[in-house]
Amino acid sequence: EHMYGWVWLLRDVSWEPNFPTTARSAEDMYQIGQRLNVDGVIAINQWTLLRLIDSVGEITPPGGVPVNSRNLLSVLEEGTDLHGRAYMDLVLQGFIDKLDRPASIPTLVRLASGLHDTLEARDMLLFFDDEGLQSLMGELGWDGRIAQDTRDYLYVVDSNVGWNKVDRNIQREIRYAVDLSRGPRPRVNLTLAYNNHSGPSAPSCDPQWLNRRRDYGSLKNACYWNLVRVYVPQESIMLSSTPMLLPEYSVSVQIGLGRVGEDSGRISSTHNKKVFSGLTAIEAGERSEITLVYDLPSSAVQREGDVLIYELLVQKQPGVRQRRVAVELDLPEGYRLVSSSAPAVQTDESHVSVEFMLTSDFLLRVELTRATNGSG
């Protein structure tokens with residue numbers, strides 16, 4: 001619909017945010033194309049390579065120039081210009097060749113630490129056909145699945161549909177305001193903010209399919225066409241959203257699936273979550289905000305005697321290095337903050353805020369209790 005992509009290729013298989021689903025599709029497509037069955041799927045990205053190369057020191061890809069953590073990204077860009085996507089394989093092979101050689105204990109310790117960090121940051125995801133191994137990956141949180149065992153939940157997934165490499169220039173922010181004073185169903189005001197820090201020489205957004213040349217330097221300095229998907233608890237009730245109007249020169253309009261000025265916002269359900277999705281285009285140097293208002297299910301807040309417990313899991317999108325997140329809670333009348341799993345600021349009797357940088361999955365747990373005389 002948004003890229004006129006009627007042929008599904010293995011290189012695009014990670015469109016599905018639930019990694020076990022992606023991995024099974026990748027296994028099936030690989031078997032169809034190569035007539036080979038595999039035992040599992042490991043997903044990595046450039047940030048994985050950066051961390052691992054930093055752990056083992058300099059490597060030399062087959063037929064390539066020496067690569068270290070300081071020049072990796074520029075070498076990848078130049079190599080991709082010359083050799084296409086296959087150059088990533090050469091760098092990975094150089095890393096594997098390095099592992100085949102004897103290594104010191106400190107190097108092995110750094111490598112183990114680097115692997116752990118990439119798994120925690122969701123820059124490496126693991127899937128195994130062996131049920132026991134896969135169950136362990138789920139317990140460790142390394143399987144990339146959409147979580148099902150939390151009370152409140154937020155997972156923002158950005159997908160670049162503009163045929164460029166501009167993601168590294170995008171600054172992302174989340175403001176998550178929850179009104180816990182509204183009785184059984186807390187109300188959420190969610191704002192997603194995007195700043196496109198591409199330079200003034202970047203081409204305009206129109207048309208979406210514009211040929212922006214093939215060199216990486218040009219591709220990463222461009223308009224940001226983003227198909228955003230927001231996953232929230234299944235029983236949430238959507239109330240309003242910022243209109244995300246289709247431009248005349250979007251692919252959807254040009255192929256007749258959308259109309260100029262039509263709101264691209266959609267609500268659907270998958271993986272036991274309610275999903276809001278929509279298309280937005282952000283010119284170089286501009287900022288864009290998307291606001292959603294919805295009511296959470298009553299189960300978002302648990303009561304234990306006079307104590308109210310609110311938990312929110314914010315899941316990190318693989319490949320997105322960080323998002324700045326601000327969570328703001330309006331407390332029920334007569335309640336005060338007792339504890340928080342993250343540093344919290346109570347600005348007055350009824351308002352608590354928590355700010356953090358989302359670099360891995362983040363679970364916030366807040367406990368509230370009835371205020372007694374003299375306690376506020």
# chains A, B, ... in the order shown; residues from 1 in each chain; ligands from 1

$ residues_around --residues "region 173-182 of chain A" --least-positions-apart "3" --cutoff "6 Å" --atoms "only C-alpha atoms" --output "list in words"
Pro186, Arg187, Val188, Asn189, Leu190, Thr191, Leu192, Ala193, Arg323, Arg324, Val325, Ala326, Val327, Glu328, Leu329, Asp330, Leu331 and Pro332 of chain A

$ closest_atom_pairs --of "region 308-376 of chain A" --to "region 11-22 of chain A" --cutoff "12 Å" --atoms "only C-alpha atoms" --output "JSON lines"
{"residue": "A:Gln315", "atom": "CA", "partner": "A:Pro17", "partner_atom": "CA", "distance": 11.0}
{"residue": "A:Lys316", "atom": "CA", "partner": "A:Pro17", "partner_atom": "CA", "distance": 10.7}
{"residue": "A:Gln317", "atom": "CA", "partner": "A:Pro17", "partner_atom": "CA", "distance": 8.2}
{"residue": "A:Pro318", "atom": "CA", "partner": "A:Pro17", "partner_atom": "CA", "distance": 9.0}
{"residue": "A:Gly319", "atom": "CA", "partner": "A:Ser14", "partner_atom": "CA", "distance": 11.3}

$ residues_around --residues "Met29 (chain A)" --least-positions-apart "4" --cutoff "10 Å" --atoms "only C-alpha atoms" --output "ChimeraX atom specification"
/A:8-10,13,23-25,33-36

$ residues_around --residues "region 260-274 of chain A" --least-positions-apart "6" --cutoff "8 Å" --atoms "only C-alpha atoms" --output "PyMOL selection string"
chain A and resi 146+148+231-236+241+243-248+253

$ atom_distance --atom1 "CA of Leu227 (chain A)" --atom2 "CA of Asn169 (chain A)"
16.3 Å

$ select_by_dssp --residues "region 136-349 of chain A" --states "strand (DSSP E)" --output "ChimeraX atom specification"
/A:152-160,170-179,187-196,224-233,237-241,266-270,273-282,287-295,301-304,307-315,323-330,335-340,345-348

$ closest_residue --among "A:Gln208, A:Thr242, A:Ser104, A:Thr150" --to "Thr291 (chain A)" --atoms "only C-alpha atoms"
A:Thr242

$ closest_residue --among "A:Ala281, A:Ala342, A:Leu133, A:Leu82" --to "Ser250 (chain A)" --atoms "only C-alpha atoms"
A:Ala281
